[in-house]
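A.B. asks: Please read through the structure below; I'll follow up with questions.
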2 protein chains.
Amino acid sequence: MAKILVVDDEPDAVELVEFNLKNAGFEVITAADGSEALKKARSTLPDLILLDLMIPEVDGLEVCKLLRRDAATAGIPILMLTAKAAEIDRVLGLELGADDYVTKPFSPRELMLRIKGLLRRRETTETKAERMQFGDLVLDVPAHSVTVNNKRVELTATEFKLLTILAHRRGRVQSRDQLLKDVWEYDNVIDTRTVDTHMRRLREKLGKAAKHLDTVRGVGYRFVAG
Amino acid sequence: MAKILVVDDEPDAVELVEFNLKNAGFEVITAADGSEALKKARSTLPDLILLDLMIPEVDGLEVCKLLRRDAATAGIPILMLTAKAAEIDRVLGLELGADDYVTKPFSPRELMLRIKGLLRRRETTETKAERMQFGDLVLDVPAHSVTVNNKRVELTATEFKLLTILAHRRGRVQSRDQLLKDVWEYDNVIDTRTVDTHMRRLREKLGKAAKHLDTVRGVGYRFVAG
DNA sequence: CAAGCCGGTGACGACTTTGTGACGAACAGG
DNA sequence: CCTGTTCGTCACAAAGTCGTCACCGGCTTG
């Protein structure tokens, strides 16, 4: 699971954020000032850095700049936390290199969305199939469309994601937990039976093409190409 | 950068071409025979296909024909590679829908010129289209004018930009964030709901032609040509 | 064969997302 | 200045989606 470095000098703020992140299954590392942040970033190489703008020792912007200058940490996405909306321009300036920002006060939901967005952007480097075809079932990811026998099938966002992930891992059984992790992204508060309900809805909508969706009793679900 | 599918069964030839293409900044996908080529073309939707005429499984001409027949791959430029081609082969290749050809042995320089030529042609005809027509909706970019049923529709600058960007990426869903980035140009301070309001105004002004504007719930908006 | 697990199913209320009308600020052109 | 337009935001309503639950029937296990 992803490692996140949280840099903030206010213990209350850190605690709140840490609670939310750990709840979502992230590993959390904390730093209270700029020099500690730099040291920990270099030693632990986190997957993402949550960086408050106003911190002691070395200020957030400076930390950002220094991290970008070091080859080892240059690629780590940085999510800036700023108290003032007015600071945004500087944060997003090209020379500083923050990837996104959130203004305080923020809702945990908003924060999670931003984090997920940044982590997702990072992992899409491999040659991912953008279009998949299995007999009369066609999956077009960029168009967000599914057709069975050339007839359009309307899927909701969640259904579509579930289907594409299964199709992408076709042949291999995916446990409900795995699917929850991949489709629902770190929201580990969700019941595993929810997966079943979505599979049912998928099967219903896919009609004949539901034959691609196998149930593996006691284990999970599997997409079969043939 | 553009994605190029290289189809050839001789590893040496592939390596040479791959080296040159990667050197020029292209992303390279390879296939060693016809059926692999078809599969990869359909799944990765490359920007250009470099297709050797003499390949195992399904021969180059056949691949060409099949790719043209499939709506998803019909628009991808195909550059044919032929070893000492007889005139007939060339003609056939072009008739079957190849966009250009190069005879082996070729210089890397020559190959690059052809590839760039094809990509540019596509960019100017498709990507940077100055005039787009979808049924009774006509978009004239340089004139900054939109007509529905030959009747002029007055759009504001923002509305026009939103519409052209959507039309330009027709078929693909654009998230609100993406649209904000492209239409409002990385002005992250703007609320995503603003996109909704502009879509509403667009739909209102476009009248019947608003049918081209799809809402994809939970994801974003999509322009549909049909 | 009985008990218990497991997955399919239908229903439902809470919640999210989108459409819509309205409003005030910013701005351009007289 | 004044006036009309455009734009971003807001609040509300409508529509759609989601996660959960209870129930049932089939399958596994002992």
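Quick note on naming: the chains in the structure tokens go A, B, ... in the order shown, residues restart at 1 in each chain, and ligands are numbered from 1 in order of appearance.
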At a cut-off of 9 Å, which residues of chain B touch chain D? Count only C-alpha atoms (C1' of nucleotides) and give the answer as JSON, numbers by chain.
C.D. replies: {"B": [156, 158, 190, 191, 193, 194, 217]}
A.B. asks: Please list as an MDAnalysis selection string every residue within 10 Å of region 143-149 of chain B, counting only C-alpha atoms (C1' of nucleotides) and excluding residues in the same chain fewer than 2 positions away.
C.D. replies: chainID B and resid 130:141 151:157 160:161 163:164 205:210
A.B. asks: At a cut-off of 12 Å, which residues of chain C touch chain B? Count only C-alpha atoms (C1' of nucleotides) and give the answer as a short mmCIF file (atom, residue, chain, number, x, y, z; two decimals) with N, CA, C and O atoms (P, O5', C5', C4', C3', O3' and C1' of nucleotides), in the first residue's frame.
C.D. replies:
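Just written: selection39.cif:
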data_model
loop_
_atom_site.label_atom_id
_atom_site.label_comp_id
_atom_site.auth_asym_id
_atom_site.auth_seq_id
_atom_site.Cartn_x
_atom_site.Cartn_y
_atom_site.Cartn_z
P DT C 16 -22.59 12.01 -0.04
"O5'" DT C 16 -22.53 11.94 -1.63
"C5'" DT C 16 -22.67 10.69 -2.27
"C4'" DT C 16 -22.74 10.87 -3.77
"C3'" DT C 16 -22.04 12.10 -4.34
"O3'" DT C 16 -21.37 11.68 -5.50
"C1'" DT C 16 -24.34 12.11 -4.96
P DT C 17 -20.43 12.63 -6.33
"O5'" DT C 17 -21.37 13.01 -7.56
"C5'" DT C 17 -21.93 11.96 -8.33
"C4'" DT C 17 -22.93 12.56 -9.30
"C3'" DT C 17 -22.41 13.80 -10.05
"O3'" DT C 17 -22.50 13.52 -11.43
"C1'" DT C 17 -24.59 14.17 -9.17
P DT C 18 -21.97 14.52 -12.49
"O5'" DT C 18 -23.30 15.25 -12.97
"C5'" DT C 18 -24.34 14.47 -13.57
"C4'" DT C 18 -25.58 15.33 -13.73
"C3'" DT C 18 -25.38 16.62 -14.54
"O3'" DT C 18 -26.28 16.58 -15.63
"C1'" DT C 18 -26.59 17.05 -12.55
P DG C 19 -26.34 17.77 -16.67
"O5'" DG C 19 -27.68 18.49 -16.22
"C5'" DG C 19 -28.90 17.78 -16.30
"C4'" DG C 19 -30.07 18.68 -15.96
"C3'" DG C 19 -30.16 19.97 -16.78
"O3'" DG C 19 -31.53 20.21 -17.05
"C1'" DG C 19 -29.97 20.49 -14.47
P DT C 20 -31.96 21.41 -18.00
"O5'" DT C 20 -32.25 22.58 -16.96
"C5'" DT C 20 -33.09 22.31 -15.84
"C4'" DT C 20 -33.22 23.54 -14.98
"C3'" DT C 20 -33.14 24.88 -15.74
"O3'" DT C 20 -34.32 25.59 -15.45
"C1'" DT C 20 -31.77 24.91 -13.81
P DG C 21 -34.71 26.83 -16.42
"O5'" DG C 21 -34.76 28.01 -15.36
"C5'" DG C 21 -35.46 27.82 -14.14
"C4'" DG C 21 -35.02 28.85 -13.13
"C3'" DG C 21 -34.92 30.28 -13.68
"O3'" DG C 21 -35.57 31.15 -12.76
"C1'" DG C 21 -32.88 29.65 -12.66
#
A.B. asks: Please produce, as CSV, a per-residue contact table for chain B versus chain A (criterion: any atom at most 12 Å away, only C-alpha atoms considered), showing the nearest atom pair and its distance in Å to one decimal, sorted by chain then residue number.
C.D. replies:
residue,atom,partner,partner_atom,distance
B:Lys3,CA,A:Thr127,CA,10.1
B:Ile4,CA,A:Thr127,CA,12.0
B:Leu5,CA,A:Thr127,CA,11.8
B:Glu27,CA,A:Thr127,CA,9.6
B:Val28,CA,A:Thr127,CA,9.9
B:Ile29,CA,A:Thr127,CA,8.5
B:Thr30,CA,A:Thr127,CA,11.5
B:Leu38,CA,A:Gln133,CA,11.4
B:Lys39,CA,A:Met132,CA,9.0
B:Lys40,CA,A:Ala129,CA,8.4
B:Ala41,CA,A:Arg131,CA,9.3
B:Arg42,CA,A:Arg131,CA,6.3
B:Ser43,CA,A:Arg131,CA,4.5
B:Thr44,CA,A:Ala129,CA,5.1
B:Leu45,CA,A:Glu130,CA,7.0
B:Pro46,CA,A:Glu130,CA,9.9
B:Asp70,CA,A:Gln133,CA,11.6
B:Ala71,CA,A:Asn150,CA,11.3
B:Ala72,CA,A:Arg131,CA,8.8
B:Thr73,CA,A:Arg131,CA,10.5
B:Arg169,CA,A:Ala143,CA,9.8
B:Arg170,CA,A:Ala143,CA,8.7
B:Gly171,CA,A:Ala143,CA,5.4
B:Arg172,CA,A:Ala143,CA,4.0
B:Val173,CA,A:Ala143,CA,5.3
B:Gln174,CA,A:Pro142,CA,8.7
B:Ser175,CA,A:Pro142,CA,10.8
B:Asp177,CA,A:Gly117,CA,10.8
B:Tyr186,CA,A:Leu92,CA,9.2
B:Asp187,CA,A:Asp89,CA,9.2
B:Asn188,CA,A:Ile88,CA,8.8
B:Val189,CA,A:Ile88,CA,8.4
B:Ile190,CA,A:Ala85,CA,11.7
B:Asp214,CA,A:Ala143,CA,11.1
B:Thr215,CA,A:His144,CA,11.3
B:Val216,CA,A:His144,CA,8.2
B:Arg217,CA,A:Ala157,CA,7.1
B:Gly218,CA,A:Ala157,CA,5.9
B:Val219,CA,A:Ala157,CA,6.8
B:Gly220,CA,A:His144,CA,10.0
B:Tyr221,CA,A:Ala143,CA,10.1
B:Arg222,CA,A:Ala143,CA,7.8
B:Phe223,CA,A:Ala143,CA,9.7
B:Val224,CA,A:Ala143,CA,9.7
A.B. asks: Quote the spacing between CA of Val17 (chain A) and CA of Ser107 (chain A) in Å to one decimal place.
C.D. replies: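 The value is 10.0 Å.
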A.B. asks: Have a look at C1' of DA14 (chain C) and CA of Lys104 (chain A) and let me know their distance in Å, one decimal.
C.D. replies: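 Here the two named atoms are 27.9 Å from each other.
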A.B. asks: Leaving out Leu16 (chain B) and any residue of its chain fewer than 3 positions from it, which residues lie within 12 Å of it when counting only C-alpha atoms (C1' of nucleotides), given as a list in words?
C.D. replies: Val6, Asp8, Glu10, Pro11, Asp12, Ala13, Phe19, Asn20, Leu21, Lys22, Asn23, Val28, Pro105, Phe106, Ser107, Pro108 and Leu111 of chain B
A.B. asks: For CA of Glu18 (chain B) and CA of Gly75 (chain B), quote the distance in Å rounded to one decimal.
C.D. replies: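 The value is 22.7 Å.
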A.B. asks: Could you pull out the helix (DSSP H, G or I) residues of region 3-198 of chain B, going by DSSP on the backbone, and write them as a ChimeraX atom specification?
C.D. replies: /B:11-23,34-44,60-69,87-95,108-127,157-168,176-183,193-198
A.B. asks: Which of region 112-206 of chain A counts as strand (DSSP E or B) under DSSP, as a VMD selection string please?
C.D. replies: chain A and resid 131 to 134 137 to 140 145 to 148 151 to 153 174 to 175
A.B. asks: Write the selection just made, keeping all heavy atoms, as a CSV table (one decimal), in the first residue's frame?
C.D. replies:
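Okay, this is what ended up in again-v2.csv:
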chain,number,residue,atom,x,y,z
A,131,ARG,N,-8.8,-0.3,-25.5
A,131,ARG,CA,-10.0,-0.9,-26.1
A,131,ARG,C,-9.8,-2.4,-26.1
A,131,ARG,O,-8.8,-2.9,-26.4
A,131,ARG,CB,-10.1,-0.4,-27.5
A,131,ARG,CG,-11.4,-0.9,-28.2
A,131,ARG,CD,-11.6,0.0,-29.5
A,131,ARG,NE,-12.7,-0.5,-30.3
A,131,ARG,CZ,-12.6,-1.6,-31.0
A,131,ARG,NH1,-11.5,-2.3,-31.2
A,131,ARG,NH2,-13.7,-2.0,-31.7
A,132,MET,N,-10.8,-3.1,-25.6
A,132,MET,CA,-10.8,-4.5,-25.5
A,132,MET,C,-12.0,-5.1,-26.2
A,132,MET,O,-13.1,-4.6,-26.1
A,132,MET,CB,-10.7,-5.0,-24.1
A,132,MET,CG,-9.4,-4.5,-23.4
A,132,MET,SD,-9.3,-5.0,-21.6
A,132,MET,CE,-10.0,-3.5,-20.9
A,133,GLN,N,-11.8,-6.2,-26.9
A,133,GLN,CA,-12.9,-6.9,-27.6
A,133,GLN,C,-12.9,-8.4,-27.3
A,133,GLN,O,-11.9,-9.0,-27.4
A,133,GLN,CB,-12.7,-6.7,-29.1
A,133,GLN,CG,-13.9,-7.2,-29.9
A,133,GLN,CD,-13.9,-6.6,-31.3
A,133,GLN,OE1,-12.9,-5.9,-31.7
A,133,GLN,NE2,-14.9,-7.0,-32.1
A,134,PHE,N,-14.0,-8.9,-26.9
A,134,PHE,CA,-14.2,-10.3,-26.6
A,134,PHE,C,-15.4,-10.8,-27.2
A,134,PHE,O,-16.5,-10.6,-26.7
A,134,PHE,CB,-14.3,-10.5,-25.1
A,134,PHE,CG,-13.2,-9.8,-24.3
A,134,PHE,CD1,-13.4,-8.6,-23.7
A,134,PHE,CD2,-11.9,-10.4,-24.1
A,134,PHE,CE1,-12.4,-7.9,-23.0
A,134,PHE,CE2,-11.0,-9.8,-23.4
A,134,PHE,CZ,-11.2,-8.5,-22.9
A,137,LEU,N,-18.6,-8.5,-27.2
A,137,LEU,CA,-18.5,-7.5,-26.1
A,137,LEU,C,-17.3,-6.6,-26.4
A,137,LEU,O,-16.1,-7.1,-26.5
A,137,LEU,CB,-18.3,-8.2,-24.8
A,137,LEU,CG,-18.0,-7.3,-23.6
A,137,LEU,CD1,-19.1,-6.4,-23.3
A,137,LEU,CD2,-17.6,-8.1,-22.4
A,138,VAL,N,-17.5,-5.3,-26.5
A,138,VAL,CA,-16.5,-4.4,-26.8
A,138,VAL,C,-16.4,-3.3,-25.7
A,138,VAL,O,-17.4,-2.7,-25.3
A,138,VAL,CB,-16.7,-3.6,-28.2
A,138,VAL,CG1,-15.5,-2.7,-28.4
A,138,VAL,CG2,-16.7,-4.7,-29.3
A,139,LEU,N,-15.2,-3.1,-25.2
A,139,LEU,CA,-15.0,-2.2,-24.1
A,139,LEU,C,-14.1,-1.1,-24.6
A,139,LEU,O,-13.0,-1.3,-24.9
A,139,LEU,CB,-14.3,-2.9,-23.0
A,139,LEU,CG,-15.1,-3.4,-21.8
A,139,LEU,CD1,-14.3,-4.4,-21.0
A,139,LEU,CD2,-15.4,-2.2,-21.0
A,140,ASP,N,-14.6,0.2,-24.6
A,140,ASP,CA,-13.8,1.3,-25.0
A,140,ASP,C,-13.6,2.2,-23.9
A,140,ASP,O,-14.5,2.9,-23.4
A,140,ASP,CB,-14.6,2.0,-26.2
A,140,ASP,CG,-13.7,3.1,-26.8
A,140,ASP,OD1,-12.8,3.6,-26.1
A,140,ASP,OD2,-13.8,3.3,-28.0
A,145,SER,N,-17.4,3.6,-23.0
A,145,SER,CA,-18.6,2.9,-23.6
A,145,SER,C,-18.4,1.4,-23.7
A,145,SER,O,-17.3,0.9,-23.9
A,145,SER,CB,-18.9,3.5,-24.9
A,145,SER,OG,-18.2,2.8,-25.9
A,146,VAL,N,-19.6,0.7,-23.6
A,146,VAL,CA,-19.6,-0.7,-23.7
A,146,VAL,C,-20.7,-1.1,-24.7
A,146,VAL,O,-21.8,-0.6,-24.7
A,146,VAL,CB,-19.9,-1.4,-22.3
A,146,VAL,CG1,-20.1,-2.9,-22.5
A,146,VAL,CG2,-18.9,-1.0,-21.3
A,147,THR,N,-20.3,-2.0,-25.6
A,147,THR,CA,-21.3,-2.4,-26.6
A,147,THR,C,-21.4,-4.0,-26.6
A,147,THR,O,-20.4,-4.6,-26.4
A,147,THR,CB,-21.1,-2.0,-28.0
A,147,THR,OG1,-19.8,-2.4,-28.4
A,147,THR,CG2,-21.1,-0.5,-28.1
A,148,VAL,N,-22.6,-4.5,-26.7
A,148,VAL,CA,-22.8,-5.9,-26.8
A,148,VAL,C,-23.5,-6.1,-28.1
A,148,VAL,O,-24.6,-5.5,-28.3
A,148,VAL,CB,-23.6,-6.5,-25.7
A,148,VAL,CG1,-24.0,-8.0,-25.9
A,148,VAL,CG2,-22.9,-6.3,-24.3
A,151,LYS,N,-24.6,-3.1,-29.9
A,151,LYS,CA,-25.6,-2.3,-29.2
A,151,LYS,C,-25.1,-1.7,-27.9
A,151,LYS,O,-24.5,-2.4,-27.1
A,151,LYS,CB,-26.9,-3.1,-28.9
A,151,LYS,CG,-27.8,-3.2,-30.1
A,151,LYS,CD,-29.3,-3.1,-29.7
A,151,LYS,CE,-29.8,-4.1,-28.8
A,151,LYS,NZ,-30.3,-5.3,-29.5
A,152,ARG,N,-25.3,-0.4,-27.8
A,152,ARG,CA,-24.8,0.3,-26.6
A,152,ARG,C,-25.4,-0.2,-25.3
A,152,ARG,O,-26.6,-0.4,-25.2
A,152,ARG,CB,-25.1,1.8,-26.8
A,152,ARG,CG,-24.6,2.6,-25.8
A,152,ARG,CD,-23.2,2.9,-26.1
A,152,ARG,NE,-22.6,3.8,-25.2
A,152,ARG,CZ,-22.1,5.0,-25.5
A,152,ARG,NH1,-22.1,5.3,-26.8
A,152,ARG,NH2,-21.5,5.7,-24.6
A,153,VAL,N,-24.6,-0.4,-24.3
A,153,VAL,CA,-25.1,-0.8,-23.0
A,153,VAL,C,-24.7,0.4,-22.0
A,153,VAL,O,-23.5,0.7,-22.0
A,153,VAL,CB,-24.5,-2.1,-22.5
A,153,VAL,CG1,-24.9,-2.4,-21.1
A,153,VAL,CG2,-24.9,-3.2,-23.4
A,174,GLN,N,-10.3,-12.7,-9.2
A,174,GLN,CA,-10.1,-11.5,-8.3
A,174,GLN,C,-10.9,-11.7,-7.1
A,174,GLN,O,-12.2,-11.9,-7.2
A,174,GLN,CB,-10.5,-10.2,-9.0
A,174,GLN,CG,-9.7,-10.0,-10.3
A,174,GLN,CD,-8.2,-9.7,-10.1
A,174,GLN,OE1,-7.9,-8.9,-9.3
A,174,GLN,NE2,-7.4,-10.5,-10.7
A,175,SER,N,-10.3,-11.6,-5.9
A,175,SER,CA,-11.1,-11.7,-4.7
A,175,SER,C,-11.9,-10.5,-4.5
A,175,SER,O,-11.6,-9.4,-5.1
A,175,SER,CB,-10.2,-11.9,-3.5
A,175,SER,OG,-9.5,-10.7,-3.3
